[in-house]
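Source file: structure11.txt. Holds: compact mmCIF, C-alpha atoms.
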```txt
# COMPACT_ATOMS: atom_id res chain seq x y z
CA MET A 231 81.08 107.56 103.49
CA LEU A 232 79.99 104.09 104.64
CA LYS A 233 77.58 103.78 101.74
CA SER A 234 80.15 104.84 99.16
CA LEU A 235 82.84 102.54 100.62
CA THR A 236 80.39 99.62 100.55
CA ILE A 237 79.58 100.26 96.89
CA ILE A 238 83.27 100.43 95.99
CA PHE A 239 83.88 97.09 97.72
CA LEU A 240 80.83 95.70 95.92
CA PHE A 241 82.47 96.48 92.57
CA LEU A 242 85.77 95.08 93.81
CA ILE A 243 83.99 91.83 94.67
CA LEU A 244 82.24 91.80 91.29
CA GLY A 245 85.62 92.22 89.58
CA GLU A 246 87.15 89.40 91.63
CA PHE A 247 84.12 87.25 90.80
CA VAL A 248 84.50 87.84 87.04
CA ASN A 249 88.21 87.03 87.38
CA TYR A 250 87.38 83.84 89.31
CA ILE A 251 84.68 82.61 86.93
CA PHE A 252 86.35 83.38 83.59
CA LYS A 253 89.97 82.85 84.74
CA VAL A 254 91.18 85.91 82.78
CA PRO A 255 94.77 87.08 83.44
CA ILE A 256 93.48 90.57 84.40
CA ALA A 257 93.41 91.44 88.12
CA GLY A 258 89.98 91.59 89.77
CA ASN A 259 90.48 95.19 90.90
CA ILE A 260 91.09 96.31 87.29
CA ILE A 261 87.90 94.53 86.17
CA GLY A 262 86.11 96.24 89.09
CA MET A 263 87.41 99.59 87.87
CA VAL A 264 85.98 99.01 84.40
CA LEU A 265 82.66 97.79 85.87
CA ILE A 266 82.19 100.82 88.15
CA PHE A 267 83.01 103.10 85.23
CA LEU A 268 80.37 101.39 83.08
CA ALA A 269 77.82 101.48 85.93
CA LEU A 270 78.31 105.25 86.24
CA LYS A 271 78.24 105.75 82.47
CA PHE A 272 74.96 103.82 82.08
CA LYS A 273 73.47 105.59 85.13
CA LEU A 274 73.06 102.43 87.21
CA ILE A 275 74.67 104.35 90.09
CA LYS A 276 75.12 108.06 90.71
CA LEU A 277 78.49 109.80 91.15
CA GLU A 278 77.50 111.17 94.60
CA MET A 279 76.95 107.59 95.77
CA VAL A 280 80.63 106.67 95.39
CA LYS A 281 82.58 109.94 95.34
CA PRO A 282 83.22 110.39 99.12
CA ALA A 283 85.08 107.09 99.55
CA SER A 284 86.75 107.14 96.14
CA ASP A 285 88.25 110.61 96.74
CA LYS A 286 89.61 109.53 100.14
CA LEU A 287 91.14 106.32 98.78
CA LEU A 288 92.88 108.12 95.93
CA LYS A 289 94.24 110.74 98.34
CA TYR A 290 96.26 108.05 100.13
CA LEU A 291 97.18 105.96 97.08
CA VAL A 292 100.94 106.52 97.53
CA LEU A 293 100.86 105.24 101.11
CA PHE A 294 99.23 101.97 100.03
CA PHE A 295 102.18 101.28 97.70
CA VAL A 296 104.80 101.55 100.47
CA PRO A 297 104.75 97.82 101.50
CA TYR A 298 105.39 96.83 97.85
CA GLY A 299 108.40 99.12 97.81
CA VAL A 300 109.74 97.62 101.04
CA GLY A 301 109.34 94.23 99.30
CA LEU A 302 112.20 95.31 97.01
CA MET A 303 114.57 94.13 99.76
CA VAL A 304 113.66 90.52 98.94
CA HIS A 305 114.98 90.95 95.38
CA PHE A 306 118.33 92.57 96.24
CA GLU A 307 120.34 89.37 95.70
CA THR A 308 118.77 88.54 92.32
CA ILE A 309 119.27 92.06 91.02
CA LYS A 310 122.78 92.51 92.47
CA ALA A 311 124.39 90.01 90.07
CA HIS A 312 123.56 92.17 87.03
CA TRP A 313 123.08 95.54 88.68
CA PHE A 314 124.98 97.54 86.07
CA SER A 315 123.16 96.23 82.98
CA ILE A 316 119.80 96.35 84.75
CA GLY A 317 120.38 99.84 86.13
CA LEU A 318 121.49 101.36 82.85
CA ALA A 319 118.79 99.67 80.75
CA VAL A 320 115.97 100.47 83.16
CA LEU A 321 117.02 104.10 83.67
CA GLY A 322 117.62 104.75 79.97
CA SER A 323 114.45 103.05 78.85
CA THR A 324 112.25 104.69 81.51
CA ILE A 325 113.50 108.21 80.78
CA LEU A 326 113.02 107.62 77.05
CA THR A 327 109.48 106.30 77.62
CA LEU A 328 108.56 109.29 79.80
CA TYR A 329 109.83 111.81 77.25
CA LEU A 330 108.55 110.05 74.12
CA THR A 331 105.04 109.73 75.58
CA ALA A 332 104.88 113.30 76.92
CA PHE A 333 106.36 114.79 73.74
CA ILE A 334 103.83 113.10 71.43
CA GLN A 335 100.88 113.94 73.66
CA GLU A 336 101.97 117.58 74.01
CA LYS A 337 102.54 118.03 70.24
CA LEU A 338 99.34 116.34 69.07
CA GLN A 339 96.74 117.49 71.62
CA LYS A 340 94.41 120.45 71.18
CA LYS A 341 95.50 123.39 73.28
CA MET B 8 112.39 92.64 121.70
CA LYS B 9 112.39 90.32 118.71
CA THR B 10 108.85 89.11 119.46
CA PHE B 11 107.65 92.66 120.05
CA LEU B 12 109.09 93.72 116.67
CA SER B 13 107.21 90.91 114.97
CA LEU B 14 103.83 92.36 116.00
CA PRO B 15 102.01 93.51 112.83
CA VAL B 16 100.83 96.73 114.51
CA VAL B 17 104.43 97.87 115.06
CA TRP B 18 105.03 97.97 111.30
CA VAL B 19 101.66 99.53 110.52
CA PHE B 20 102.48 102.29 113.00
CA LEU B 21 106.05 102.78 111.74
CA THR B 22 104.90 102.92 108.11
CA LEU B 23 102.26 105.54 108.95
CA ALA B 24 104.58 107.55 111.20
CA ILE B 25 107.54 107.57 108.79
CA TYR B 26 105.29 108.41 105.85
CA PHE B 27 103.72 111.25 107.84
CA LEU B 28 107.14 112.67 108.77
CA ALA B 29 108.43 112.19 105.21
CA GLN B 30 105.47 114.21 103.90
CA GLY B 31 106.29 116.99 106.36
CA ILE B 32 109.92 117.02 105.20
CA HIS B 33 108.91 117.06 101.53
CA LYS B 34 106.72 120.13 102.12
CA LYS B 35 109.80 122.01 103.36
CA VAL B 36 112.50 120.46 101.14
CA LYS B 37 111.03 119.88 97.69
CA TRP B 38 113.81 117.73 96.25
CA ALA B 39 113.16 114.61 94.19
CA LEU B 40 115.26 112.71 96.72
CA THR B 41 112.89 113.72 99.54
CA THR B 42 109.84 112.27 97.74
CA PRO B 43 107.80 110.69 100.57
CA ILE B 44 107.58 107.18 99.09
CA LEU B 45 111.35 107.12 98.47
CA VAL B 46 112.22 108.31 101.99
CA THR B 47 109.67 106.02 103.67
CA ILE B 48 110.82 102.88 101.84
CA PHE B 49 114.48 103.71 102.42
CA VAL B 50 114.01 104.29 106.18
CA LEU B 51 111.85 101.17 106.58
CA ILE B 52 114.34 98.90 104.77
CA LEU B 53 117.10 100.42 106.90
CA LEU B 54 115.16 99.75 110.14
CA LEU B 55 114.36 96.19 109.07
CA SER B 56 118.02 95.51 108.30
CA VAL B 57 119.25 97.06 111.55
CA PHE B 58 116.80 95.06 113.67
CA ASP B 59 117.23 91.98 111.49
CA VAL B 60 113.51 91.66 110.74
CA ASP B 61 112.57 89.90 107.47
CA PHE B 62 110.09 91.15 104.87
CA GLU B 63 107.44 88.53 105.73
CA THR B 64 107.30 89.89 109.28
CA TYR B 65 107.07 93.47 108.02
CA ASP B 66 104.36 92.51 105.57
CA SER B 67 102.24 90.88 108.29
CA GLY B 68 101.52 94.53 109.16
CA GLY B 69 102.20 96.11 105.76
CA LYS B 70 99.53 94.02 104.06
CA PHE B 71 96.83 95.92 105.98
CA LEU B 72 97.92 99.05 104.10
CA SER B 73 98.56 97.51 100.67
CA PHE B 74 95.16 95.82 100.98
CA PHE B 75 93.60 99.21 100.20
CA LEU B 76 95.16 99.20 96.72
CA GLY B 77 92.26 96.94 95.68
CA PRO B 78 89.46 99.42 96.37
CA SER B 79 91.73 102.32 95.26
CA VAL B 80 92.04 100.86 91.77
CA VAL B 81 88.21 100.64 91.65
CA ALA B 82 88.13 104.30 92.78
CA LEU B 83 90.19 105.21 89.69
CA GLY B 84 87.20 104.08 87.61
CA VAL B 85 85.11 106.73 89.41
CA LEU B 86 87.72 109.39 88.61
CA PHE B 87 87.73 108.36 84.90
CA TYR B 88 83.98 108.83 84.76
CA GLU B 89 84.23 112.26 86.43
CA LYS B 90 86.87 113.47 83.97
CA LEU B 91 85.55 111.71 80.87
CA ASP B 92 84.75 114.92 78.99
CA GLU B 93 88.27 116.25 79.50
CA ILE B 94 89.78 113.15 77.90
CA LYS B 95 87.29 112.79 75.03
CA SER B 96 88.59 115.82 73.14
CA ASN B 97 92.13 114.42 73.24
CA LEU B 98 91.46 110.72 72.87
CA LEU B 99 93.39 110.12 69.65
CA PRO B 100 96.60 112.00 70.64
CA PHE B 101 96.42 110.23 74.00
CA CYS B 102 96.17 106.76 72.43
CA ILE B 103 98.99 107.44 69.95
CA ALA B 104 101.23 108.73 72.76
CA VAL B 105 100.62 105.68 74.99
CA PHE B 106 100.98 103.25 72.09
CA VAL B 107 104.30 104.70 70.89
CA GLY B 108 105.58 105.16 74.46
CA GLY B 109 104.64 101.61 75.45
CA ILE B 110 106.33 100.02 72.43
CA GLY B 111 109.31 102.38 72.83
CA SER B 112 109.67 101.15 76.41
CA ILE B 113 109.93 97.48 75.37
CA LEU B 114 112.24 98.06 72.39
CA SER B 115 114.61 100.50 74.11
CA LEU B 116 115.00 98.19 77.10
CA ILE B 117 115.84 95.18 74.92
CA PHE B 118 118.23 97.14 72.69
CA ILE B 119 120.16 98.63 75.63
CA LEU B 120 120.50 95.17 77.22
CA MET B 121 121.63 93.74 73.87
CA ALA B 122 124.25 96.46 73.53
CA LEU B 123 125.50 95.57 77.03
CA LYS B 124 125.55 91.87 76.05
CA ALA B 125 123.30 91.04 79.02
CA PRO B 126 121.84 87.51 79.33
CA GLU B 127 118.68 86.83 77.34
CA VAL B 128 116.67 85.99 80.46
CA LEU B 129 117.02 89.60 81.65
CA MET B 130 115.42 90.88 78.44
CA ARG B 131 112.55 88.41 78.83
CA SER B 132 112.10 89.40 82.51
CA LEU B 133 112.37 93.18 82.11
CA ALA B 134 110.56 93.83 78.80
CA PRO B 135 107.25 94.56 80.62
CA LYS B 136 108.94 96.79 83.26
CA SER B 137 106.66 99.81 82.70
CA VAL B 138 103.29 98.17 83.41
CA THR B 139 101.55 97.43 86.68
CA THR B 140 102.95 94.44 88.66
CA PRO B 141 100.15 91.84 88.17
CA ILE B 142 100.12 92.38 84.39
CA ALA B 143 103.93 92.56 84.16
CA ILE B 144 104.31 89.24 86.00
CA GLU B 145 101.85 87.48 83.69
CA ILE B 146 103.69 88.85 80.65
CA ALA B 147 107.11 87.82 82.03
CA LYS B 148 105.84 84.28 82.64
CA SER B 149 104.44 84.01 79.13
CA VAL B 150 107.73 85.07 77.47
CA GLY B 151 110.01 82.94 79.66
CA GLY B 152 111.22 85.58 82.12
CA VAL B 153 111.79 85.24 85.87
CA PRO B 154 108.77 86.76 87.68
CA SER B 155 110.68 87.70 90.86
CA ILE B 156 113.15 89.86 88.89
CA THR B 157 110.19 91.42 87.07
CA ALA B 158 108.35 92.17 90.32
CA GLY B 159 111.34 93.90 91.90
CA ILE B 160 112.22 96.03 88.89
CA VAL B 161 108.60 97.04 88.17
CA ILE B 162 108.34 98.47 91.69
CA ALA B 163 111.71 100.22 91.32
CA VAL B 164 110.60 101.76 88.00
CA GLY B 165 107.41 103.00 89.69
CA ILE B 166 109.32 104.60 92.56
CA PHE B 167 111.74 106.18 90.08
CA GLY B 168 108.85 107.65 88.07
CA ASN B 169 107.13 108.83 91.24
CA ALA B 170 110.22 110.56 92.61
CA PHE B 171 111.97 111.86 89.48
CA GLY B 172 109.49 111.68 86.55
CA ILE B 173 108.02 115.15 86.91
CA TYR B 174 111.44 116.80 87.35
CA ILE B 175 112.85 114.99 84.30
CA LEU B 176 109.89 115.96 82.13
CA LYS B 177 109.98 119.60 83.23
CA PHE B 178 113.76 119.67 82.66
CA LEU B 179 113.18 118.39 79.12
CA GLY B 180 110.69 121.19 78.48
CA ILE B 181 107.32 119.44 78.96
CA THR B 182 104.76 121.79 80.52
CA SER B 183 101.31 120.33 79.79
CA LYS B 184 99.60 118.67 82.77
CA THR B 185 97.92 116.13 80.55
CA ALA B 186 101.22 115.16 78.87
CA ILE B 187 102.92 114.76 82.26
CA GLY B 188 100.06 112.52 83.41
CA THR B 189 100.09 110.35 80.29
CA ALA B 190 103.88 109.93 80.51
CA LEU B 191 103.88 108.99 84.22
CA GLY B 192 101.14 106.38 83.74
CA THR B 193 102.73 104.89 80.61
CA ALA B 194 106.30 104.70 81.98
CA SER B 195 105.73 104.05 85.68
CA HIS B 196 102.22 102.58 86.14
CA GLY B 197 100.31 102.95 89.45
CA ILE B 198 103.12 104.35 91.57
CA GLY B 199 103.73 107.05 88.95
CA THR B 200 99.96 107.65 88.78
CA ALA B 201 99.85 108.24 92.54
CA ARG B 202 102.30 111.12 91.99
CA ALA B 203 100.35 112.44 88.99
CA LEU B 204 97.24 112.59 91.21
CA GLU B 205 99.17 114.75 93.68
CA GLU B 206 100.14 117.15 90.86
CA SER B 207 96.54 117.62 89.72
CA GLU B 208 93.35 115.62 89.21
CA LEU B 209 93.66 116.08 85.45
CA SER B 210 97.20 114.63 85.38
CA GLY B 211 95.93 111.79 87.56
CA VAL B 212 93.13 110.87 85.16
CA TYR B 213 95.42 110.80 82.13
CA SER B 214 97.97 108.81 84.10
CA GLY B 215 95.46 106.26 85.38
CA LEU B 216 94.02 105.75 81.93
CA ALA B 217 97.51 105.51 80.42
CA LEU B 218 98.48 102.74 82.85
CA CYS B 219 95.43 100.72 81.77
CA VAL B 220 95.97 101.26 78.04
CA ASN B 221 99.71 100.54 78.29
CA GLY B 222 98.99 97.39 80.30
CA LEU B 223 96.98 96.19 77.34
CA VAL B 224 99.47 97.36 74.69
CA THR B 225 102.43 95.78 76.51
CA ALA B 226 100.56 92.50 77.09
CA ILE B 227 99.88 92.20 73.35
CA VAL B 228 103.18 93.55 71.97
CA THR B 229 105.80 91.98 74.29
CA PRO B 230 105.36 88.35 73.10
CA LEU B 231 105.46 89.55 69.46
CA VAL B 232 108.66 91.57 69.99
CA ILE B 233 110.36 88.73 71.89
CA ASP B 234 109.42 86.23 69.14
CA TRP B 235 110.69 88.60 66.47
CA ILE B 236 114.04 89.27 68.22
CA PHE B 237 114.83 85.73 69.38
CA ALA B 238 113.40 83.89 66.37
```
How does the structure come out when it is put into structure tokens?
Amino acid sequence: MLKSLTIIFLFLILGEFVNYIFKVPIAGNIIGMVLIFLALKFKLIKLEMVKPASDKLLKYLVLFFVPYGVGLMVHFETIKAHWFSIGLAVLGSTILTLYLTAFIQEKLQKK
Amino acid sequence: MKTFLSLPVVWVFLTLAIYFLAQGIHKKVKWALTTPILVTIFVLILLLSVFDVDFETYDSGGKFLSFFLGPSVVALGVLFYEKLDEIKSNLLPFCIAVFVGGIGSILSLIFILMALKAPEVLMRSLAPKSVTTPIAIEIAKSVGGVPSITAGIVIAVGIFGNAFGIYILKFLGITSKTAIGTALGTASHGIGTARALEESELSGVYSGLALCVNGLVTAIVTPLVIDWIFA
């Protein structure tokens, strides 16, 4: 567990480093995700070396988002002024996006 | 009492405890409205309002939990590698679905706001609403939106997808686990992906990959669409 967690943080640091050096508008953790994928693909590291920690982290992913959700309270005032337009547009557009994406994938994919 | 309530550990504990209880409730009452993240956020905002504690104070504890999003995103890369073979066979349908869904998200949002005669700045702020917060904020800045509106709505869209996405899709007749995953990731980014992972690992992989691909699609397409509409 300790070994796998250390390796995951190593790739997180590498991602942050790439972000810092090249000043790309992509978050360091997303770069880290791509790098760890490539490292596994090109056999630089083995799956067993990172799986214990990665499985545990993903199990609690929802919990880690909670503080961001609580942060919604800061935006109440800004959103309140146009709540009707925002609510209708966001709901309509999100439901359409969900259905459109799922429908195309379901129709086109091999069974 | 006020100083006690400003201790970070109080809010770490309350977040964990409420989330734990909310999970227990959701196991018994499987409604969309009892989705753990929805209940937890609602109860926490309620508590903060009742005790008159501001978000900065909450986040002095909350940040210890959200900190783990960093390594969790890296962990998604491990999951992609594990499930690579299951995606390979469906790569083209997957890419078409995310591409069309991502562009549909931007266009439908702008057209609905236009029909409602909403101010232009809302369209510029909300066009990237379906992609993960850091990417959405960068896009909003580049097209002249207000990042704080973007940040709030992106989170709300994620919570909506997490709580209601699966029910909506099943109601509309979608049964495939891969399609549900792709849709959750495309429409409601990481928070939707967290729910897809709870459904099944396969849904989670499609969802995680969809959030990455749509982040890219939306980053490229939004400025073009905005230029085209407001030219």
Q: Show me which bits of chain A are within 7 Å of chain B, counting all atoms listed in the file, as JSON, numbers by chain.
A: {"A": [238, 239, 242, 256, 257, 259, 260, 262, 263, 264, 266, 267, 270, 271, 284, 287, 288, 291, 292, 294, 295, 296, 297, 299, 300, 301, 302, 303, 304, 305, 308, 309, 315, 319, 320, 323, 324, 327, 328, 329, 330, 331, 332, 334, 335, 336, 338, 339, 340]}
Students should find that atom CA of Ser207 of chain B and atom CA of Lys90 of chain B are spaced 12.0 Å
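Here atom CA of Val46 of chain B and atom CA of Lys310 of chain A stand 21.3 Å from one another.
Rounded to one decimal, atom CA of Gly151 of chain B and atom CA of Asp234 of chain B lie 11.0 Å from each other.
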How would segment 166-181 of chain B read, as an mmCIF file, keeping the file's coordinate frame, once N, CA and C atoms are built in?
```cif
data_model
loop_
_atom_site.group_PDB
_atom_site.id
_atom_site.type_symbol
_atom_site.label_atom_id
_atom_site.label_comp_id
_atom_site.auth_asym_id
_atom_site.auth_seq_id
_atom_site.Cartn_x
_atom_site.Cartn_y
_atom_site.Cartn_z
ATOM 1 N N ILE B 166 108.783 103.651 91.573
ATOM 2 C CA ILE B 166 109.320 104.600 92.560
ATOM 3 C C ILE B 166 110.160 105.663 91.856
ATOM 4 N N PHE B 167 110.944 105.233 90.850
ATOM 5 C CA PHE B 167 111.740 106.180 90.080
ATOM 6 C C PHE B 167 110.842 107.221 89.399
ATOM 7 N N GLY B 168 109.780 106.740 88.742
ATOM 8 C CA GLY B 168 108.850 107.650 88.070
ATOM 9 C C GLY B 168 108.176 108.589 89.060
ATOM 10 N N ASN B 169 107.789 108.037 90.206
ATOM 11 C CA ASN B 169 107.130 108.830 91.240
ATOM 12 C C ASN B 169 108.045 109.950 91.740
ATOM 13 N N ALA B 170 109.308 109.601 92.006
ATOM 14 C CA ALA B 170 110.220 110.560 92.610
ATOM 15 C C ALA B 170 110.810 111.538 91.588
ATOM 16 N N PHE B 171 111.189 111.032 90.403
ATOM 17 C CA PHE B 171 111.970 111.860 89.480
ATOM 18 C C PHE B 171 111.236 112.232 88.189
ATOM 19 N N GLY B 172 110.160 111.492 87.841
ATOM 20 C CA GLY B 172 109.490 111.680 86.550
ATOM 21 C C GLY B 172 109.143 113.121 86.238
ATOM 22 N N ILE B 173 108.476 113.788 87.168
ATOM 23 C CA ILE B 173 108.020 115.150 86.910
ATOM 24 C C ILE B 173 109.204 116.092 86.696
ATOM 25 N N TYR B 174 110.262 115.926 87.499
ATOM 26 C CA TYR B 174 111.440 116.800 87.350
ATOM 27 C C TYR B 174 112.107 116.578 85.994
ATOM 28 N N ILE B 175 112.219 115.300 85.591
ATOM 29 C CA ILE B 175 112.850 114.990 84.300
ATOM 30 C C ILE B 175 112.053 115.610 83.161
ATOM 31 N N LEU B 176 110.731 115.444 83.206
ATOM 32 C CA LEU B 176 109.890 115.960 82.130
ATOM 33 C C LEU B 176 109.964 117.482 82.058
ATOM 34 N N LYS B 177 109.917 118.134 83.221
ATOM 35 C CA LYS B 177 109.980 119.600 83.230
ATOM 36 C C LYS B 177 111.352 120.073 82.728
ATOM 37 N N PHE B 178 112.404 119.343 83.111
ATOM 38 C CA PHE B 178 113.760 119.670 82.660
ATOM 39 C C PHE B 178 113.855 119.566 81.145
ATOM 40 N N LEU B 179 113.136 118.601 80.566
ATOM 41 C CA LEU B 179 113.180 118.390 79.120
ATOM 42 C C LEU B 179 112.173 119.287 78.389
ATOM 43 N N GLY B 180 111.531 120.182 79.117
ATOM 44 C CA GLY B 180 110.690 121.190 78.480
ATOM 45 C C GLY B 180 109.213 120.835 78.342
ATOM 46 N N ILE B 181 108.748 119.792 79.013
ATOM 47 C CA ILE B 181 107.320 119.440 78.960
ATOM 48 C C ILE B 181 106.571 120.276 80.001
#
```
